[in-house]
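Participant: So here's upload-v2.cif (mmCIF, C-alpha atoms).
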```cif
data_query
#
loop_
_atom_site.label_atom_id
_atom_site.label_comp_id
_atom_site.auth_asym_id
_atom_site.auth_seq_id
_atom_site.Cartn_x
_atom_site.Cartn_y
_atom_site.Cartn_z
CA MET A 24 17.16 47.21 -88.86
CA LYS A 25 14.86 45.72 -86.22
CA ASN A 26 15.14 42.25 -87.79
CA LYS A 27 18.93 42.40 -87.73
CA LEU A 28 18.93 43.40 -84.06
CA ARG A 29 16.58 40.54 -83.13
CA ILE A 30 18.73 38.08 -85.06
CA GLY A 31 21.94 39.43 -83.52
CA LEU A 32 20.64 39.07 -79.92
CA GLY A 33 19.51 35.50 -80.43
CA PRO A 34 22.87 33.83 -79.75
CA VAL A 35 23.35 35.94 -76.61
CA LYS A 36 19.99 34.92 -75.14
CA THR A 37 20.72 31.30 -75.99
CA ALA A 38 24.03 31.40 -74.15
CA VAL A 39 22.44 33.00 -71.09
CA LEU A 40 19.66 30.40 -70.98
CA LEU A 41 22.14 27.57 -71.33
CA ALA A 42 24.20 28.96 -68.45
CA MET A 43 21.11 29.29 -66.24
CA MET A 44 20.02 25.76 -67.05
CA THR A 45 23.48 24.44 -66.26
CA ALA A 46 23.51 26.24 -62.90
CA THR A 47 20.00 25.08 -62.11
CA ASN A 48 20.78 21.49 -62.91
CA GLY A 49 23.84 21.69 -60.71
CA CYS A 50 21.79 22.93 -57.72
CA HIS A 51 19.25 20.08 -58.00
CA LYS A 52 21.71 17.27 -58.40
CA PRO A 53 20.28 14.33 -56.44
CA THR A 54 22.16 13.39 -53.26
CA HIS A 55 23.01 9.72 -52.82
CA VAL A 56 22.07 8.39 -49.31
CA GLU A 57 23.91 5.30 -48.27
CA ALA A 58 21.69 2.60 -46.76
CA LYS A 59 22.36 1.63 -43.10
CA SER A 60 24.38 -1.53 -42.82
CA PRO A 61 22.71 -4.46 -41.05
CA THR A 62 23.64 -4.68 -37.37
CA PRO A 63 25.52 -7.86 -36.44
CA VAL A 64 23.58 -9.80 -33.78
CA HIS A 65 23.36 -13.21 -32.19
CA LEU A 66 19.95 -14.91 -32.14
CA VAL A 67 18.55 -17.49 -29.74
CA ASP A 68 15.30 -19.44 -29.73
CA VAL A 69 12.68 -18.78 -27.05
CA THR A 70 12.62 -21.83 -24.76
CA LEU A 71 10.19 -23.15 -22.15
CA ASP A 72 11.45 -22.92 -18.57
CA SER A 73 9.94 -25.69 -16.46
CA SER A 74 12.31 -25.66 -13.50
CA SER A 75 11.09 -27.75 -10.56
CA GLU A 76 13.21 -25.94 -8.00
CA GLY A 77 11.44 -24.59 -4.92
CA LEU A 78 9.97 -21.12 -5.02
CA ARG A 79 12.01 -18.79 -2.82
CA TYR A 80 10.37 -15.71 -1.31
CA SER A 81 11.60 -12.75 0.69
CA ALA A 82 9.35 -10.75 2.99
CA SER A 83 9.50 -8.35 5.91
CA VAL A 84 8.93 -9.50 9.46
CA LEU A 85 5.69 -7.99 10.78
CA PRO A 86 4.44 -7.88 14.38
CA PHE A 87 1.64 -10.23 15.33
CA ALA A 88 -0.45 -7.21 16.34
CA GLN A 89 0.14 -3.47 16.12
CA ALA A 90 -1.93 -0.55 17.42
CA SER A 91 -1.81 3.23 17.23
CA LEU A 92 -2.95 4.67 20.56
CA SER A 93 -4.51 8.11 20.98
CA PHE A 94 -6.49 10.03 23.59
CA LYS A 95 -10.24 10.34 23.11
CA SER A 96 -10.33 13.85 24.59
CA ALA A 97 -8.15 16.91 24.19
CA GLY A 98 -5.93 17.80 27.13
CA TYR A 99 -2.46 18.73 28.25
CA VAL A 100 -0.09 15.82 28.86
CA THR A 101 0.76 15.82 32.58
CA GLN A 102 2.48 12.46 32.93
CA ILE A 103 4.41 9.94 30.80
CA LYS A 104 5.39 6.51 32.10
CA GLN A 105 8.94 6.42 33.40
CA VAL A 106 11.47 3.60 33.10
CA VAL A 107 15.06 3.15 34.23
CA GLY A 108 17.48 3.55 31.34
CA ALA A 109 20.72 1.68 30.67
CA ASP A 110 22.63 4.43 32.49
CA GLY A 111 20.54 3.93 35.61
CA ARG A 112 18.65 7.21 35.26
CA ARG A 113 14.88 7.46 34.99
CA ARG A 114 13.48 8.65 31.68
CA ASP A 115 10.21 8.81 29.77
CA ILE A 116 9.22 5.59 28.04
CA GLY A 117 10.13 5.49 24.35
CA SER A 118 10.86 3.38 21.30
CA GLY A 119 12.15 -0.11 22.11
CA ASP A 120 10.76 -0.24 25.66
CA TYR A 121 8.60 -3.17 26.70
CA VAL A 122 5.27 -2.55 28.46
CA SER A 123 2.72 -4.90 29.99
CA ARG A 124 -0.94 -4.99 29.15
CA GLY A 125 -2.89 -2.35 31.08
CA SER A 126 0.14 -0.19 31.85
CA VAL A 127 -0.62 3.55 31.95
CA LEU A 128 1.57 5.03 29.23
CA ALA A 129 0.54 8.67 29.64
CA GLN A 130 -2.05 10.94 31.23
CA ILE A 131 -3.72 14.19 30.31
CA ARG A 132 -4.83 16.74 32.92
CA HIS A 133 -7.65 15.20 34.95
CA GLN A 134 -9.06 18.43 36.36
CA ASP A 135 -10.48 19.57 33.01
CA LEU A 136 -12.34 16.31 32.62
CA LYS A 137 -13.50 16.32 36.26
CA ASN A 138 -15.02 19.75 35.67
CA GLN A 139 -16.90 18.38 32.67
CA LEU A 140 -18.07 15.44 34.79
CA ASP A 141 -19.33 17.75 37.55
CA GLN A 142 -21.15 19.89 34.98
CA ALA A 143 -22.81 16.81 33.47
CA ALA A 144 -23.86 15.65 36.95
CA ALA A 145 -25.41 19.06 37.70
CA THR A 146 -27.27 19.01 34.40
CA LEU A 147 -28.64 15.57 35.22
CA GLY A 148 -29.82 16.73 38.64
CA GLN A 149 -31.62 19.67 37.11
CA ALA A 150 -33.26 17.48 34.48
CA GLN A 151 -34.40 15.00 37.11
CA ALA A 152 -35.94 17.78 39.23
CA GLN A 153 -37.85 19.09 36.24
CA HIS A 154 -39.03 15.61 35.44
CA VAL A 155 -40.29 15.05 39.01
CA GLU A 156 -42.32 18.24 38.77
CA ALA A 157 -43.63 17.29 35.34
CA THR A 158 -44.56 13.81 36.64
CA LEU A 159 -46.67 15.28 39.46
CA ASP A 160 -48.43 17.63 37.06
CA TYR A 161 -49.07 14.77 34.66
CA GLU A 162 -50.52 12.51 37.34
CA ARG A 163 -52.78 15.32 38.55
CA ALA A 164 -53.88 16.05 34.98
CA LYS A 165 -54.74 12.39 34.38
CA ALA A 166 -56.93 12.34 37.47
CA LEU A 167 -58.75 15.54 36.48
CA TYR A 168 -59.14 14.45 32.87
CA ALA A 169 -60.68 11.15 34.02
CA THR A 170 -63.43 13.04 35.83
CA GLN A 171 -63.80 15.44 32.89
CA SER A 172 -62.60 18.28 35.10
CA LEU A 173 -59.76 19.11 32.65
CA ILE A 174 -60.05 19.89 28.99
CA LYS A 175 -58.12 17.85 26.42
CA PRO A 176 -55.63 20.59 25.40
CA ASP A 177 -54.47 21.07 29.03
CA PHE A 178 -54.10 17.31 29.47
CA ASP A 179 -52.06 17.07 26.24
CA GLN A 180 -49.81 19.88 27.43
CA ALA A 181 -49.09 18.11 30.73
CA GLN A 182 -48.32 14.86 28.93
CA ALA A 183 -46.00 16.62 26.45
CA ARG A 184 -44.06 18.23 29.31
CA PHE A 185 -43.76 14.83 31.02
CA ASP A 186 -42.37 13.26 27.84
CA SER A 187 -40.01 16.19 27.23
CA THR A 188 -38.51 16.12 30.72
CA LEU A 189 -38.11 12.35 30.54
CA ALA A 190 -36.13 12.73 27.34
CA GLY A 191 -34.07 15.44 29.03
CA VAL A 192 -33.20 13.06 31.86
CA ASP A 193 -32.10 10.36 29.39
CA GLN A 194 -29.93 12.84 27.50
CA ALA A 195 -28.34 14.14 30.73
CA LYS A 196 -27.57 10.56 31.81
CA ALA A 197 -25.86 9.88 28.49
CA SER A 198 -23.79 13.06 28.85
CA LEU A 199 -22.79 12.07 32.38
CA HIS A 200 -21.78 8.59 31.20
CA GLN A 201 -19.73 10.10 28.38
CA ALA A 202 -17.98 12.44 30.83
CA GLN A 203 -17.17 9.48 33.08
CA LEU A 204 -15.64 7.60 30.15
CA ALA A 205 -13.63 10.65 29.14
CA LEU A 206 -12.20 10.86 32.66
CA GLU A 207 -11.33 7.17 32.62
CA ASP A 208 -9.71 7.55 29.20
CA ALA A 209 -7.50 10.34 30.49
CA ASP A 210 -5.14 7.46 31.32
CA LEU A 211 -3.81 5.98 28.08
CA ARG A 212 -3.26 2.27 28.68
CA ALA A 213 -1.49 -0.44 26.68
CA PRO A 214 -4.11 -2.76 25.12
CA PHE A 215 -1.66 -5.68 25.10
CA SER A 216 1.88 -6.48 26.15
CA GLY A 217 4.49 -5.46 23.62
CA TYR A 218 7.19 -3.04 22.55
CA ILE A 219 6.81 0.68 21.97
CA LEU A 220 7.59 1.43 18.33
CA ALA A 221 7.09 5.19 18.52
CA ARG A 222 6.15 7.95 20.99
CA ASN A 223 4.77 11.16 19.50
CA ILE A 224 3.98 13.21 22.61
CA GLU A 225 6.01 15.13 25.16
CA LEU A 226 5.24 16.34 28.66
CA GLY A 227 3.16 19.52 28.43
CA ASN A 228 1.96 18.90 24.86
CA LEU A 229 -1.70 19.47 24.04
CA ALA A 230 -2.94 16.04 22.99
CA GLU A 231 -5.55 16.11 20.24
CA PRO A 232 -8.28 13.47 19.94
CA GLY A 233 -7.39 10.90 17.27
CA SER A 234 -3.75 12.02 17.03
CA THR A 235 -1.41 9.04 17.56
CA ALA A 236 0.42 9.28 20.87
CA PHE A 237 2.06 5.84 20.90
CA THR A 238 2.52 2.96 18.47
CA ILE A 239 2.81 -0.41 20.18
CA ALA A 240 3.49 -3.86 18.71
CA ASP A 241 2.98 -7.37 20.03
CA THR A 242 6.04 -9.38 18.96
CA SER A 243 5.44 -12.51 21.05
CA ALA A 244 4.85 -13.94 17.58
CA VAL A 245 5.59 -12.42 14.17
CA LYS A 246 4.03 -12.77 10.76
CA ILE A 247 5.77 -13.41 7.45
CA GLY A 248 3.58 -12.35 4.53
CA PHE A 249 4.18 -13.11 0.85
CA GLY A 250 2.22 -13.85 -2.33
CA VAL A 251 2.21 -17.02 -4.45
CA PRO A 252 0.82 -17.65 -7.97
CA GLU A 253 -2.16 -19.85 -8.70
CA TYR A 254 -0.17 -22.98 -9.50
CA ALA A 255 1.57 -22.79 -6.10
CA VAL A 256 -1.38 -21.92 -3.84
CA ARG A 257 -2.88 -25.37 -4.51
CA HIS A 258 0.06 -26.93 -2.67
CA LEU A 259 -0.40 -24.89 0.51
CA ARG A 260 -2.68 -25.60 3.46
CA LEU A 261 -3.37 -24.11 6.86
CA GLY A 262 -0.99 -25.43 9.49
CA GLN A 263 1.71 -26.31 6.95
CA ARG A 264 5.14 -25.68 8.46
CA PHE A 265 7.95 -23.63 6.92
CA ASN A 266 11.55 -22.95 7.87
CA ILE A 267 12.39 -19.26 8.02
CA HIS A 268 15.85 -17.75 7.56
CA LEU A 269 17.14 -14.23 8.21
CA GLN A 270 19.94 -12.38 6.51
CA ASP A 271 23.30 -12.93 8.23
CA ASP A 272 21.70 -15.24 10.80
CA PRO A 273 22.57 -18.95 10.64
CA LYS A 274 19.73 -19.87 12.99
CA GLU A 275 16.63 -21.44 11.48
CA TYR A 276 13.13 -20.48 12.67
CA SER A 277 9.99 -22.53 12.22
CA GLY A 278 6.49 -21.23 11.48
CA GLN A 279 3.18 -22.42 10.12
CA VAL A 280 0.68 -21.11 7.60
CA THR A 281 -2.09 -19.27 9.45
CA SER A 282 -3.81 -17.51 6.55
CA ILE A 283 -4.35 -18.21 2.83
CA GLY A 284 -5.96 -15.55 0.67
CA ALA A 285 -9.44 -16.47 -0.54
CA SER A 286 -8.93 -14.57 -3.82
CA ALA A 287 -6.04 -13.33 -5.92
CA ASP A 288 -4.91 -9.74 -5.90
CA GLU A 289 -6.46 -7.87 -8.82
CA LYS A 290 -3.16 -6.25 -9.86
CA ASN A 291 -0.50 -8.95 -9.62
CA ARG A 292 -2.79 -12.03 -9.52
CA VAL A 293 -1.10 -13.65 -6.51
CA PHE A 294 -2.63 -15.08 -3.35
CA ALA A 295 -1.60 -13.60 0.00
CA ILE A 296 -0.04 -16.14 2.39
CA GLU A 297 0.72 -15.50 6.04
CA VAL A 298 3.12 -17.60 8.12
CA THR A 299 3.17 -17.08 11.90
CA VAL A 300 6.41 -17.70 13.77
CA PRO A 301 6.61 -17.91 17.59
CA ASN A 302 8.97 -15.27 18.97
CA PRO A 303 9.12 -15.68 22.77
CA LYS A 304 12.62 -14.23 23.11
CA SER A 305 12.02 -11.40 20.60
CA TYR A 306 14.89 -12.41 18.33
CA LEU A 307 12.76 -11.52 15.32
CA LYS A 308 12.26 -7.76 15.04
CA PRO A 309 9.67 -5.96 12.89
CA GLY A 310 11.26 -4.82 9.63
CA MET A 311 13.82 -7.63 9.38
CA ILE A 312 14.04 -9.41 6.02
CA ALA A 313 13.10 -13.08 6.13
CA SER A 314 13.23 -15.71 3.40
CA LEU A 315 11.52 -19.05 2.94
CA THR A 316 11.18 -21.69 0.24
CA VAL A 317 8.02 -23.35 -1.01
CA SER A 318 9.40 -26.73 -2.07
CA GLY A 319 7.85 -29.51 -4.11
CA VAL A 320 6.00 -27.17 -6.47
CA GLN A 321 6.23 -27.90 -10.19
CA LYS A 322 6.28 -24.55 -11.92
CA ALA A 323 4.11 -24.15 -14.98
CA PRO A 324 6.30 -24.02 -18.10
CA SER A 325 6.77 -20.46 -19.32
CA PRO A 326 8.74 -18.85 -22.19
CA ALA A 327 12.22 -17.76 -21.15
CA VAL A 328 14.91 -15.62 -22.79
CA PRO A 329 18.44 -14.56 -21.78
CA LEU A 330 18.62 -11.48 -19.58
CA SER A 331 20.83 -9.85 -22.23
CA ALA A 332 17.88 -9.87 -24.66
CA VAL A 333 15.73 -7.63 -22.47
CA VAL A 334 15.81 -3.88 -23.22
CA ALA A 335 13.86 -0.88 -21.94
CA ASP A 336 10.76 -0.14 -23.98
CA PRO A 337 11.28 3.41 -25.39
CA ALA A 338 7.52 3.89 -25.85
CA SER A 339 6.54 2.85 -22.32
CA PRO A 340 8.73 4.08 -19.45
CA GLY A 341 9.18 1.42 -16.81
CA ARG A 342 8.26 -1.38 -19.23
CA TYR A 343 10.49 -3.89 -21.03
CA ALA A 344 10.76 -5.38 -24.51
CA VAL A 345 12.75 -7.78 -26.69
CA PHE A 346 13.63 -7.78 -30.38
CA VAL A 347 12.01 -10.61 -32.33
CA ALA A 348 13.92 -11.37 -35.57
CA ARG A 349 12.15 -12.58 -38.69
CA GLU A 350 13.41 -13.31 -42.20
CA GLU A 351 11.70 -11.00 -44.71
CA ARG A 352 12.50 -11.01 -48.47
CA GLY A 353 15.82 -12.70 -47.94
CA LYS A 354 17.03 -10.53 -45.04
CA TRP A 355 16.60 -10.56 -41.28
CA VAL A 356 14.58 -7.76 -39.66
CA ALA A 357 14.26 -7.07 -35.90
CA HIS A 358 10.88 -6.01 -34.50
CA LEU A 359 10.46 -4.55 -31.00
CA ARG A 360 7.87 -6.34 -28.83
CA GLU A 361 6.80 -5.43 -25.29
CA VAL A 362 7.02 -8.23 -22.72
CA THR A 363 6.24 -8.76 -19.05
CA LEU A 364 9.07 -10.14 -16.93
CA GLY A 365 8.64 -13.06 -14.56
CA GLU A 366 10.99 -14.99 -12.32
CA THR A 367 14.72 -15.22 -13.07
CA HIS A 368 16.75 -18.41 -13.10
CA ASP A 369 20.51 -18.16 -13.53
CA SER A 370 20.99 -15.99 -16.66
CA ASP A 371 17.45 -16.44 -18.04
CA VAL A 372 14.20 -14.70 -17.22
CA ALA A 373 10.63 -15.85 -17.79
CA VAL A 374 8.69 -13.49 -20.08
CA ASP A 375 5.11 -13.13 -21.20
CA GLY A 376 4.66 -11.85 -24.76
CA VAL A 377 6.74 -14.24 -26.88
CA LYS A 378 6.22 -17.81 -28.03
CA PRO A 379 8.55 -20.82 -27.89
CA GLY A 380 10.53 -21.17 -31.11
CA GLU A 381 10.59 -17.45 -31.96
CA LYS A 382 14.06 -16.04 -32.51
CA ILE A 383 15.19 -13.31 -30.13
CA VAL A 384 18.17 -10.97 -30.42
CA ALA A 385 20.36 -12.03 -27.49
CA VAL A 386 23.49 -10.00 -28.28
CA GLY A 387 23.41 -6.61 -29.98
CA ALA A 388 19.90 -5.59 -28.95
CA ALA A 389 20.97 -2.40 -27.17
CA GLY A 390 21.64 -0.44 -30.38
CA LEU A 391 18.66 -1.63 -32.41
CA LYS A 392 15.46 0.15 -33.37
CA ASP A 393 12.16 -1.34 -34.46
CA GLY A 394 12.42 -2.48 -38.09
CA ASP A 395 16.23 -2.45 -38.32
CA SER A 396 17.94 -4.98 -40.55
CA VAL A 397 20.29 -7.35 -38.78
CA GLN A 398 23.13 -9.61 -39.79
CA VAL A 399 22.89 -12.96 -38.06
CA LEU A 400 26.23 -14.10 -36.71
CA PRO A 401 26.90 -17.77 -36.14
#
```
What does the file become when written as structure tokens?
Facilitator:
Amino acid sequence: MKNKLRIGLGPVKTAVLLAMMTATNGCHKPTHVEAKSPTPVHLVDVTLDSSSEGLRYSASVLPFAQASLSFKSAGYVTQIKQVVGADGRRRDIGSGDYVSRGSVLAQIRHQDLKNQLDQAAATLGQAQAQHVEATLDYERAKALYATQSLIKPDFDQAQARFDSTLAGVDQAKASLHQAQLALEDADLRAPFSGYILARNIELGNLAEPGSTAFTIADTSAVKIGFGVPEYAVRHLRLGQRFNIHLQDDPKEYSGQVTSIGASADEKNRVFAIEVTVPNPKSYLKPGMIASLTVSGVQKAPSPAVPLSAVVADPASPGRYAVFVAREERGKWVAHLREVTLGETHDSDVAVDGVKPGEKIVAVGAAGLKDGDSVQVLP
């Protein structure tokens, strides 16, 4: 009976197993993933840009000299230089006003500093009186010690007091001199003729030592500063003249090189150049944008690519890259490569990081990723 039952259940188990296997095979049916189609692109060869055009630079106009003025002593502001405004009314001097060298721009309360001066004078008088007394004692002690009428410890004590009071007199004199200077510096004067760029105090303010009260600039001449690469600095010399232009100003200004950097900047590897331009009528204002051209300089040939080939480097924010295309196993593959941008000329830009003759994706680079296959269009 048991054998018949086992034989009778066999077909049922077989059917169940077959059904489970069928279901299992259906769940693990491999999924077919379609390969990404090559991206159509246009390629260009990296070329060498050896343009002999002049190097054009833009720079801000800077004052010939600029100073931040502050009081040496603390005190309440009791006076600020007055000028007549455009409306005919008198007002405190401020930004844009011209002052002559030595002009008193502001004052702090003199009485506080006079009190300090009087106190220093009294201290000096007291120190001098003590020193006179110590001098008499010392002279008497020397005479007694010479006749062996005074023991050595008493003589040493008289000499020490003489030396101590002498040092006290010197210290009191220094304090008095310092108090005199502080009183003189209560008047803040212009160190040179120029224009006020900023005033940071008001009448009644407590002026703090070292806190800028005025900023003044000498614009009788202005400086144009810019940086040039190594191959250009060889063509510059002190005294060399340049023509300067301003935005929206047809007038041409002339200046000469007054400073050439002795070494290149560690970050951008350029040499600092300074051109000084006479400015007797103050047409050139600090902060204006000036431009000039260094002509006759043969630029060193450098690899150049179209601007359309340059993309943002996804791995390095603020950096740039290009896609270099190579033929691998019968198909073209684009590889991302970081580059450093140089000067632009028309629609091309000089780059550092590629070699002449390499093929660069010029059109279609925006949608590519490193290692993507590309279809080269004619």
Participant: Compare A:Ala195, A:Ala236, A:Ala389, A:Ala169 by their minimum atom-to-atom distance to Ala143 in chain A, counting all atoms listed in the file, and give me the closest one.
Facilitator: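 Among the listed residues, the smallest separation from Ala143 in chain A belongs to A:Ala195.
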Participant: Could you make a table, as a tab-separated table, of the residues of range 250-292 of chain A that have an atom within 12 Å of an atom of range 355-367 of chain A, each with its nearest atom pair and distance in Å to one decimal, counting all atoms listed in the file, in chain and number order?
Facilitator:
```
residue	atom	partner	partner_atom	distance
A:Val251	CA	A:Glu366	CA	12.0
A:Pro252	CA	A:Gly365	CA	11.2
A:Asn291	CA	A:Gly365	CA	11.2
```
Participant: Kindly indicate which residue among A:Leu315, A:Ala332, A:Ala202, A:Ile383 lies nearest to Lys95 in chain A, using only C-alpha atoms for the distances.
Facilitator: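 Of all the options, A:Ala202 lies closest to Lys95 in chain A.
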Participant: For the file shown, report as a ChimeraX atom specification the outcome of the PyMOL selection byres ((chain A and resi 101-113) around 9) at residue level.
Facilitator: /A:98-100,114-116,120,126-133,224-228
Participant: What is the distance between CA of Gly217 in chain A and CA of Ser96 in chain A, in Å to one decimal?
Facilitator: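 Taking CA of Gly217 in chain A as the start and CA of Ser96 in chain A as the end point, the length is 24.4 Å.
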Participant: Can you tell me how far CA of Val345 in chain A sits from CA of Pro324 in chain A, in Å to one decimal?
Facilitator: 19.5 Å
Participant: Give me the residues near Phe185 in chain A as a PyMOL selection string, where near means some atom within 6 Å (using all atoms listed in the file) and where sequence neighbours in that chain fewer than 2 positions away do not count.
Facilitator: chain A and resi 157-158+182-183+187-188
Participant: Just the residues within 10 Å of range 80-92 of chain A, please, counting only C-alpha atoms, with nothing from its chain fewer than 2 positions along; format it as an NGL selection string.
Facilitator: :A and (77-78 or 94-95 or 128 or 211-215 or 217-222 or 233-251 or 267-269 or 299-302 or 307-317)
Participant: Residues within 12 Å of Gln153 in chain A, please, as a ChimeraX atom specification. Count only C-alpha atoms; anything in the same chain fewer than 2 positions from it doesn't count.
Facilitator: /A:146-151,155-160,184-192
Participant: Expanded to explicit residues, what is the PyMOL selection byres ((chain A and resi 71) around 6) for this file, as a ChimeraX atom specification?
Facilitator: /A:70,72,324-327
Participant: Keeping C-alpha atoms for every residue in the selection just given, could you write it to a file as a PDB file, in the coordinates of the input?
Facilitator:
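Result file result_23.pdb:
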```
ATOM      1  CA  THR A  70      12.620 -21.830 -24.760  1.00  0.00           C
ATOM      2  CA  ASP A  72      11.450 -22.920 -18.570  1.00  0.00           C
ATOM      3  CA  PRO A 324       6.300 -24.020 -18.100  1.00  0.00           C
ATOM      4  CA  SER A 325       6.770 -20.460 -19.320  1.00  0.00           C
ATOM      5  CA  PRO A 326       8.740 -18.850 -22.190  1.00  0.00           C
ATOM      6  CA  ALA A 327      12.220 -17.760 -21.150  1.00  0.00           C
TER       7      ALA A 327
END
```
Participant: Could you list, as a PyMOL selection string, every residue within 7 Å of range 264-266 of chain A, counting all atoms listed in the file and ignoring same-chain residues fewer than 5 positions away?
Facilitator: chain A and resi 275-280+315
Participant: List as an mmCIF file with C-alpha atoms, keeping the file's coordinate frame the protein and nucleic acid residues near range 174-180 of chain A, meaning an atom at most 10 Å away when all atoms listed in the file are counted, but skip any in the same chain fewer than 6 places from it.
Facilitator:
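Contents of the output file part.cif:
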```
data_model
loop_
_atom_site.group_PDB
_atom_site.id
_atom_site.type_symbol
_atom_site.label_atom_id
_atom_site.label_comp_id
_atom_site.auth_asym_id
_atom_site.auth_seq_id
_atom_site.Cartn_x
_atom_site.Cartn_y
_atom_site.Cartn_z
ATOM 1 C CA ASP A 160 -48.430 17.630 37.060
ATOM 2 C CA TYR A 161 -49.070 14.770 34.660
ATOM 3 C CA GLU A 162 -50.520 12.510 37.340
ATOM 4 C CA ARG A 163 -52.780 15.320 38.550
ATOM 5 C CA ALA A 164 -53.880 16.050 34.980
ATOM 6 C CA LYS A 165 -54.740 12.390 34.380
ATOM 7 C CA ALA A 166 -56.930 12.340 37.470
ATOM 8 C CA LEU A 167 -58.750 15.540 36.480
ATOM 9 C CA TYR A 168 -59.140 14.450 32.870
ATOM 10 C CA ASP A 186 -42.370 13.260 27.840
#
```
Participant: Using all atoms listed in the file, find the one residue out of A:Ser305, A:His258, A:Ser93, A:Gln134 that sits nearest to Gly119 in chain A.
Facilitator: A:Ser305
Participant: Translate the PyMOL selection byres ((chain A and resi 65) around 8), as applied to the file shown, into an explicit residue set as a ChimeraX atom specification.
Facilitator: /A:63-64,66-67,384-387,399-401
Participant: Could you please determine the separation between CA of Arg342 in chain A and CA of Lys59 in chain A in Å, to one decimal place?
Facilitator: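 Spanning CA of Arg342 in chain A to CA of Lys59 in chain A is a straight-line distance of 27.9 Å.
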Participant: Would you please work out which residue, of A:Glu253, A:Asp369, A:Glu351, A:Glu381, is nearest to Ala295 in chain A when using all atoms listed in the file?
Facilitator: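 Closest residue, counting all atoms listed in the file: A:Glu253.
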